[in-house]
Amino acid sequence: HKIAAFDNFTTDNFISLLHRKTFTEASIVILETMRNGTSIQLGTKLMQPPKPNSQTYCLVATTIANSLKQNSELALQLFQEAMDQGVTADGRFLNALLRCFGDDINGALAAWKGGIGAAAAKFEPKPNDNKQQIINRGANLLAAYNGLMHVCGRAIRPDVALRLAYAMQKTAGIEPTETTLNCYFAGKRLALSMTDEFRNFSFSMNQYESLLSVECTKYSSKDKRRAGDKKIRIIL
């Protein structure tokens, strides 16, 4: 996925590089252009593209994920390049990156253990950060875990999703949410729309999904929708 190195492009040259490219291929060409610092001639002016940041990589990963193909190797390459460039491991980028794995849940879990999980945890707020950052502690990891949940849905593996929900609480110290559950079901709906292979869902799998729903919809004092709920105190 490398492109030829030029000192600068005219707009025609640049557009020709994108001609007849798929969305995934075009996004990688643009990323390479930004990473190489290749100037683009716009009329009489020479435009210097900005260096890619976390948002840039997030958009590229989202484009790859939306191709609905299994792009595990490309996702790993993109992650490694981003880390080599010193790009922040923002949860939104990691979420999109993990969705590039499609239904390759084993590959996604291996990638998580191989560096993506550690990168997400490293970007979490530290005790000496400002108050707002501390309030948002866990948000980065949660966004990344939600990407894994989507892959579980694509693979129709509620058993793995349930284990992840437990790991989120026990290992990472964060609570799975309704968004986490919705990410799993969004992946599952996508999988079912692409094949009839999983139509005969086993009873045990339904049980896993029921347990997953319980883990992801526990009562939370931060849930504003339940602010008016009546509460009782049980004294034993």
# chains A, B, ... in the order shown; residues from 1 in each chain; ligands from 1

$ residues_around --residues "stretch 117-123 of chain A" --least-positions-apart "3" --cutoff "8 Å" --atoms "only C-alpha atoms" --output "NGL selection string"
:A and (88-91 or 94 or 112-114 or 140-141 or 144)

$ write_last_selection --atoms "N, CA and C atoms" --output "CSV table (one decimal), in the first residue's frame"
chain,number,residue,atom,x,y,z
A,88,THR,N,-1.6,9.3,19.0
A,88,THR,CA,-2.3,9.0,20.2
A,88,THR,C,-3.3,7.8,20.0
A,89,ALA,N,-3.3,6.9,21.0
A,89,ALA,CA,-4.2,5.7,20.8
A,89,ALA,C,-5.6,6.0,21.4
A,90,ASP,N,-6.2,6.9,20.6
A,90,ASP,CA,-7.6,7.4,21.0
A,90,ASP,C,-8.5,6.2,20.9
A,91,GLY,N,-9.5,6.1,21.8
A,91,GLY,CA,-10.4,5.0,21.8
A,91,GLY,C,-11.2,4.9,20.6
A,94,LEU,N,-9.1,3.2,18.0
A,94,LEU,CA,-8.9,1.8,18.3
A,94,LEU,C,-10.2,1.0,18.0
A,112,TRP,N,-5.4,-7.4,20.4
A,112,TRP,CA,-5.6,-6.8,21.7
A,112,TRP,C,-4.5,-7.1,22.7
A,113,LYS,N,-4.3,-8.4,22.8
A,113,LYS,CA,-3.2,-8.8,23.7
A,113,LYS,C,-1.8,-8.4,23.2
A,114,GLY,N,-1.7,-8.3,21.9
A,114,GLY,CA,-0.4,-8.0,21.4
A,114,GLY,C,0.0,-6.5,21.4
A,140,ASN,N,-11.8,5.8,27.3
A,140,ASN,CA,-10.9,5.3,26.2
A,140,ASN,C,-10.9,3.8,26.1
A,141,LEU,N,-10.7,3.1,27.2
A,141,LEU,CA,-10.7,1.7,27.2
A,141,LEU,C,-12.1,1.2,26.8
A,144,ALA,N,-12.6,1.2,23.1
A,144,ALA,CA,-11.8,0.2,22.5
A,144,ALA,C,-12.5,-1.2,22.7

$ select_by_dssp --residues "stretch 40-165 of chain A" --states "alpha helix (DSSP H)" --output "ChimeraX atom specification"
/A:54-65,72-84,91-99,105-111,117-122,131-135,139-154,158-165

$ closest_residue --among "A:Ile30, A:Arg154, A:Gln77, A:Ile64" --to "A:Arg189" --atoms "only C-alpha atoms"
A:Arg154

$ closest_residue --among "A:Glu175, A:Glu32, A:Asp103, A:Asp84" --to "A:Gly187" --atoms "only C-alpha atoms"
A:Asp103

$ atom_distance --atom1 "atom CA of A:Ala139" --atom2 "atom CA of A:Lys170"
16.1 Å

$ residues_around --residues "A:Leu98" --least-positions-apart "4" --cutoff "9 Å" --atoms "only C-alpha atoms" --output "PyMOL selection string"
chain A and resi 61+65+72+75+93-94+102+108+111-112+116+144-145+147-148+150-151

$ write_last_selection --atoms "N, CA and C atoms" --output "short mmCIF file (atom, residue, chain, number, x, y, z; two decimals), in the first residue's frame"
data_model
loop_
_atom_site.label_atom_id
_atom_site.label_comp_id
_atom_site.auth_asym_id
_atom_site.auth_seq_id
_atom_site.Cartn_x
_atom_site.Cartn_y
_atom_site.Cartn_z
N ALA A 61 -9.33 3.97 9.28
CA ALA A 61 -9.78 2.69 9.84
C ALA A 61 -11.28 2.51 9.65
N ALA A 65 -13.11 -0.51 7.75
CA ALA A 65 -14.13 -1.30 8.43
C ALA A 65 -15.44 -1.32 7.64
N SER A 72 -7.77 -7.98 8.67
CA SER A 72 -6.97 -8.12 9.88
C SER A 72 -5.54 -7.64 9.69
N ALA A 75 -5.32 -3.90 9.27
CA ALA A 75 -5.58 -3.23 10.55
C ALA A 75 -4.33 -3.24 11.42
N PHE A 93 -10.29 5.70 17.54
CA PHE A 93 -9.43 5.11 16.51
C PHE A 93 -9.31 3.60 16.73
N LEU A 94 -9.08 3.18 17.98
CA LEU A 94 -8.93 1.75 18.26
C LEU A 94 -10.23 1.00 18.02
N GLY A 102 -13.53 -7.56 11.06
CA GLY A 102 -14.72 -8.26 10.58
C GLY A 102 -15.18 -9.30 11.57
N ALA A 108 -8.63 -10.52 16.34
CA ALA A 108 -8.85 -9.29 17.11
C ALA A 108 -8.37 -9.44 18.55
N ALA A 111 -4.62 -9.37 18.59
CA ALA A 111 -4.14 -8.00 18.41
C ALA A 111 -4.31 -7.20 19.70
N TRP A 112 -5.41 -7.44 20.41
CA TRP A 112 -5.65 -6.76 21.69
C TRP A 112 -4.55 -7.12 22.69
N ILE A 116 -2.83 -3.56 21.30
CA ILE A 116 -3.93 -2.60 21.23
C ILE A 116 -4.51 -2.32 22.61
N ALA A 144 -12.59 1.23 23.13
CA ALA A 144 -11.81 0.17 22.46
C ALA A 144 -12.47 -1.19 22.68
N TYR A 145 -12.89 -1.47 23.92
CA TYR A 145 -13.58 -2.74 24.20
C TYR A 145 -14.85 -2.87 23.36
N GLY A 147 -15.27 -1.91 20.43
CA GLY A 147 -14.86 -2.39 19.10
C GLY A 147 -14.73 -3.90 19.09
N LEU A 148 -14.17 -4.45 20.16
CA LEU A 148 -14.07 -5.91 20.29
C LEU A 148 -15.45 -6.55 20.33
N HIS A 150 -18.11 -5.53 18.92
CA HIS A 150 -18.66 -5.54 17.56
C HIS A 150 -18.14 -6.75 16.79
N VAL A 151 -16.86 -7.06 16.95
CA VAL A 151 -16.27 -8.23 16.29
C VAL A 151 -16.92 -9.51 16.81
#

$ closest_residue --among "A:Gly138, A:Pro52, A:Pro158, A:Gly153" --to "A:Tyr184" --atoms "only C-alpha atoms"
A:Gly153

$ atom_distance --atom1 "atom CA of A:Tyr208" --atom2 "atom CA of A:Val160"
9.0 Å

$ closest_residue --among "A:Ala143, A:Met83, A:Leu212, A:Leu74" --to "A:Ser54" --atoms "only C-alpha atoms"
A:Met83

$ closest_residue --among "A:Ala186, A:Asn71, A:Ala191, A:Cys100" --to "A:Ala155" --atoms "only C-alpha atoms"
A:Ala191

$ closest_residue --among "A:Leu109, A:Met194, A:Met149, A:Met47" --to "A:Asn95" --atoms "only C-alpha atoms"
A:Met149

$ decode --residues "stretch 53-98 of chain A" --atoms "N, CA and C atoms" --output "PDB file, in the first residue's frame"
ATOM      1  N   ASN A  53      -3.002  12.606  12.254  1.00  0.00           N
ATOM      2  CA  ASN A  53      -3.155  12.464  13.700  1.00  0.00           C
ATOM      3  C   ASN A  53      -4.129  11.330  13.994  1.00  0.00           C
ATOM      4  N   SER A  54      -4.565  11.241  15.224  1.00  0.00           N
ATOM      5  CA  SER A  54      -5.451  10.142  15.615  1.00  0.00           C
ATOM      6  C   SER A  54      -6.764  10.170  14.837  1.00  0.00           C
ATOM      7  N   GLN A  55      -7.283  11.368  14.591  1.00  0.00           N
ATOM      8  CA  GLN A  55      -8.534  11.476  13.834  1.00  0.00           C
ATOM      9  C   GLN A  55      -8.343  10.989  12.398  1.00  0.00           C
ATOM     10  N   THR A  56      -7.175  11.310  11.812  1.00  0.00           N
ATOM     11  CA  THR A  56      -6.880  10.848  10.454  1.00  0.00           C
ATOM     12  C   THR A  56      -6.907   9.324  10.395  1.00  0.00           C
ATOM     13  N   TYR A  57      -6.198   8.696  11.326  1.00  0.00           N
ATOM     14  CA  TYR A  57      -6.136   7.235  11.347  1.00  0.00           C
ATOM     15  C   TYR A  57      -7.502   6.632  11.660  1.00  0.00           C
ATOM     16  N   CYS A  58      -8.284   7.326  12.472  1.00  0.00           N
ATOM     17  CA  CYS A  58      -9.639   6.853  12.784  1.00  0.00           C
ATOM     18  C   CYS A  58     -10.500   6.832  11.522  1.00  0.00           C
ATOM     19  N   LEU A  59     -10.395   7.882  10.713  1.00  0.00           N
ATOM     20  CA  LEU A  59     -11.183   7.957   9.479  1.00  0.00           C
ATOM     21  C   LEU A  59     -10.759   6.874   8.483  1.00  0.00           C
ATOM     22  N   VAL A  60      -9.447   6.638   8.386  1.00  0.00           N
ATOM     23  CA  VAL A  60      -8.962   5.585   7.485  1.00  0.00           C
ATOM     24  C   VAL A  60      -9.454   4.214   7.962  1.00  0.00           C
ATOM     25  N   ALA A  61      -9.327   3.967   9.284  1.00  0.00           N
ATOM     26  CA  ALA A  61      -9.779   2.689   9.839  1.00  0.00           C
ATOM     27  C   ALA A  61     -11.284   2.509   9.649  1.00  0.00           C
ATOM     28  N   THR A  62     -12.044   3.579   9.805  1.00  0.00           N
ATOM     29  CA  THR A  62     -13.498   3.504   9.606  1.00  0.00           C
ATOM     30  C   THR A  62     -13.828   3.150   8.159  1.00  0.00           C
ATOM     31  N   THR A  63     -13.092   3.743   7.228  1.00  0.00           N
ATOM     32  CA  THR A  63     -13.295   3.434   5.810  1.00  0.00           C
ATOM     33  C   THR A  63     -13.019   1.962   5.529  1.00  0.00           C
ATOM     34  N   ILE A  64     -11.933   1.455   6.112  1.00  0.00           N
ATOM     35  CA  ILE A  64     -11.580   0.043   5.925  1.00  0.00           C
ATOM     36  C   ILE A  64     -12.654  -0.855   6.535  1.00  0.00           C
ATOM     37  N   ALA A  65     -13.107  -0.507   7.749  1.00  0.00           N
ATOM     38  CA  ALA A  65     -14.134  -1.303   8.433  1.00  0.00           C
ATOM     39  C   ALA A  65     -15.435  -1.316   7.645  1.00  0.00           C
ATOM     40  N   ASN A  66     -15.774  -0.186   7.032  1.00  0.00           N
ATOM     41  CA  ASN A  66     -17.035  -0.084   6.292  1.00  0.00           C
ATOM     42  C   ASN A  66     -17.025  -0.852   4.974  1.00  0.00           C
ATOM     43  N   SER A  67     -15.847  -1.349   4.595  1.00  0.00           N
ATOM     44  CA  SER A  67     -15.788  -2.184   3.387  1.00  0.00           C
ATOM     45  C   SER A  67     -16.421  -3.551   3.645  1.00  0.00           C
ATOM     46  N   LEU A  68     -16.612  -3.874   4.945  1.00  0.00           N
ATOM     47  CA  LEU A  68     -17.239  -5.120   5.397  1.00  0.00           C
ATOM     48  C   LEU A  68     -16.421  -6.361   5.056  1.00  0.00           C
ATOM     49  N   LYS A  69     -15.171  -6.148   4.661  1.00  0.00           N
ATOM     50  CA  LYS A  69     -14.276  -7.275   4.397  1.00  0.00           C
ATOM     51  C   LYS A  69     -13.422  -7.527   5.632  1.00  0.00           C
ATOM     52  N   GLN A  70     -12.869  -8.717   5.726  1.00  0.00           N
ATOM     53  CA  GLN A  70     -11.967  -9.026   6.825  1.00  0.00           C
ATOM     54  C   GLN A  70     -10.584  -8.479   6.469  1.00  0.00           C
ATOM     55  N   ASN A  71     -10.153  -7.453   7.185  1.00  0.00           N
ATOM     56  CA  ASN A  71      -8.886  -6.789   6.882  1.00  0.00           C
ATOM     57  C   ASN A  71      -7.960  -6.805   8.098  1.00  0.00           C
ATOM     58  N   SER A  72      -7.768  -7.985   8.667  1.00  0.00           N
ATOM     59  CA  SER A  72      -6.974  -8.119   9.883  1.00  0.00           C
ATOM     60  C   SER A  72      -5.539  -7.637   9.690  1.00  0.00           C
ATOM     61  N   GLU A  73      -4.896  -8.073   8.625  1.00  0.00           N
ATOM     62  CA  GLU A  73      -3.498  -7.708   8.393  1.00  0.00           C
ATOM     63  C   GLU A  73      -3.341  -6.217   8.155  1.00  0.00           C
ATOM     64  N   LEU A  74      -4.261  -5.640   7.398  1.00  0.00           N
ATOM     65  CA  LEU A  74      -4.213  -4.202   7.126  1.00  0.00           C
ATOM     66  C   LEU A  74      -4.434  -3.406   8.406  1.00  0.00           C
ATOM     67  N   ALA A  75      -5.324  -3.898   9.266  1.00  0.00           N
ATOM     68  CA  ALA A  75      -5.578  -3.234  10.547  1.00  0.00           C
ATOM     69  C   ALA A  75      -4.326  -3.238  11.424  1.00  0.00           C
ATOM     70  N   LEU A  76      -3.650  -4.369  11.479  1.00  0.00           N
ATOM     71  CA  LEU A  76      -2.426  -4.466  12.275  1.00  0.00           C
ATOM     72  C   LEU A  76      -1.338  -3.541  11.725  1.00  0.00           C
ATOM     73  N   GLN A  77      -1.241  -3.483  10.404  1.00  0.00           N
ATOM     74  CA  GLN A  77      -0.260  -2.603   9.767  1.00  0.00           C
ATOM     75  C   GLN A  77      -0.562  -1.143  10.100  1.00  0.00           C
ATOM     76  N   LEU A  78      -1.840  -0.777  10.030  1.00  0.00           N
ATOM     77  CA  LEU A  78      -2.252   0.594  10.316  1.00  0.00           C
ATOM     78  C   LEU A  78      -1.953   0.952  11.768  1.00  0.00           C
ATOM     79  N   PHE A  79      -2.228   0.029  12.676  1.00  0.00           N
ATOM     80  CA  PHE A  79      -1.965   0.268  14.101  1.00  0.00           C
ATOM     81  C   PHE A  79      -0.476   0.469  14.355  1.00  0.00           C
ATOM     82  N   GLN A  80       0.344  -0.414  13.776  1.00  0.00           N
ATOM     83  CA  GLN A  80       1.783  -0.320  13.992  1.00  0.00           C
ATOM     84  C   GLN A  80       2.348   0.982  13.431  1.00  0.00           C
ATOM     85  N   GLU A  81       1.882   1.366  12.249  1.00  0.00           N
ATOM     86  CA  GLU A  81       2.351   2.615  11.647  1.00  0.00           C
ATOM     87  C   GLU A  81       1.958   3.815  12.501  1.00  0.00           C
ATOM     88  N   ALA A  82       0.733   3.792  13.033  1.00  0.00           N
ATOM     89  CA  ALA A  82       0.274   4.889  13.882  1.00  0.00           C
ATOM     90  C   ALA A  82       1.119   4.996  15.142  1.00  0.00           C
ATOM     91  N   MET A  83       1.417   3.861  15.762  1.00  0.00           N
ATOM     92  CA  MET A  83       2.231   3.871  16.980  1.00  0.00           C
ATOM     93  C   MET A  83       3.659   4.331  16.667  1.00  0.00           C
ATOM     94  N   ASP A  84       4.206   3.912  15.529  1.00  0.00           N
ATOM     95  CA  ASP A  84       5.550   4.332  15.126  1.00  0.00           C
ATOM     96  C   ASP A  84       5.613   5.838  14.889  1.00  0.00           C
ATOM     97  N   GLN A  85       4.476   6.412  14.452  1.00  0.00           N
ATOM     98  CA  GLN A  85       4.408   7.843  14.187  1.00  0.00           C
ATOM     99  C   GLN A  85       4.107   8.645  15.452  1.00  0.00           C
ATOM    100  N   GLY A  86       3.931   7.945  16.586  1.00  0.00           N
ATOM    101  CA  GLY A  86       3.631   8.633  17.843  1.00  0.00           C
ATOM    102  C   GLY A  86       2.209   9.146  17.932  1.00  0.00           C
ATOM    103  N   VAL A  87       1.311   8.534  17.169  1.00  0.00           N
ATOM    104  CA  VAL A  87      -0.097   8.943  17.170  1.00  0.00           C
ATOM    105  C   VAL A  87      -0.774   8.468  18.453  1.00  0.00           C
ATOM    106  N   THR A  88      -1.611   9.312  19.016  1.00  0.00           N
ATOM    107  CA  THR A  88      -2.324   8.983  20.245  1.00  0.00           C
ATOM    108  C   THR A  88      -3.285   7.820  20.025  1.00  0.00           C
ATOM    109  N   ALA A  89      -3.276   6.864  20.950  1.00  0.00           N
ATOM    110  CA  ALA A  89      -4.162   5.694  20.839  1.00  0.00           C
ATOM    111  C   ALA A  89      -5.552   6.048  21.365  1.00  0.00           C
ATOM    112  N   ASP A  90      -6.205   6.931  20.648  1.00  0.00           N
ATOM    113  CA  ASP A  90      -7.556   7.364  21.019  1.00  0.00           C
ATOM    114  C   ASP A  90      -8.529   6.199  20.883  1.00  0.00           C
ATOM    115  N   GLY A  91      -9.468   6.101  21.823  1.00  0.00           N
ATOM    116  CA  GLY A  91     -10.412   4.988  21.837  1.00  0.00           C
ATOM    117  C   GLY A  91     -11.242   4.881  20.580  1.00  0.00           C
ATOM    118  N   ARG A  92     -11.574   6.022  19.974  1.00  0.00           N
ATOM    119  CA  ARG A  92     -12.377   5.997  18.747  1.00  0.00           C
ATOM    120  C   ARG A  92     -11.587   5.385  17.592  1.00  0.00           C
ATOM    121  N   PHE A  93     -10.285   5.703  17.541  1.00  0.00           N
ATOM    122  CA  PHE A  93      -9.427   5.105  16.514  1.00  0.00           C
ATOM    123  C   PHE A  93      -9.313   3.599  16.726  1.00  0.00           C
ATOM    124  N   LEU A  94      -9.084   3.180  17.975  1.00  0.00           N
ATOM    125  CA  LEU A  94      -8.926   1.754  18.261  1.00  0.00           C
ATOM    126  C   LEU A  94     -10.231   0.998  18.024  1.00  0.00           C
ATOM    127  N   ASN A  95     -11.357   1.634  18.306  1.00  0.00           N
ATOM    128  CA  ASN A  95     -12.657   1.024  18.051  1.00  0.00           C
ATOM    129  C   ASN A  95     -12.813   0.730  16.557  1.00  0.00           C
ATOM    130  N   ALA A  96     -12.531   1.744  15.725  1.00  0.00           N
ATOM    131  CA  ALA A  96     -12.638   1.569  14.273  1.00  0.00           C
ATOM    132  C   ALA A  96     -11.632   0.538  13.779  1.00  0.00           C
ATOM    133  N   LEU A  97     -10.442   0.562  14.369  1.00  0.00           N
ATOM    134  CA  LEU A  97      -9.388  -0.375  13.969  1.00  0.00           C
ATOM    135  C   LEU A  97      -9.809  -1.816  14.223  1.00  0.00           C
ATOM    136  N   LEU A  98     -10.386  -2.070  15.383  1.00  0.00           N
ATOM    137  CA  LEU A  98     -10.805  -3.429  15.724  1.00  0.00           C
ATOM    138  C   LEU A  98     -11.948  -3.907  14.840  1.00  0.00           C
TER     139      LEU A  98
END
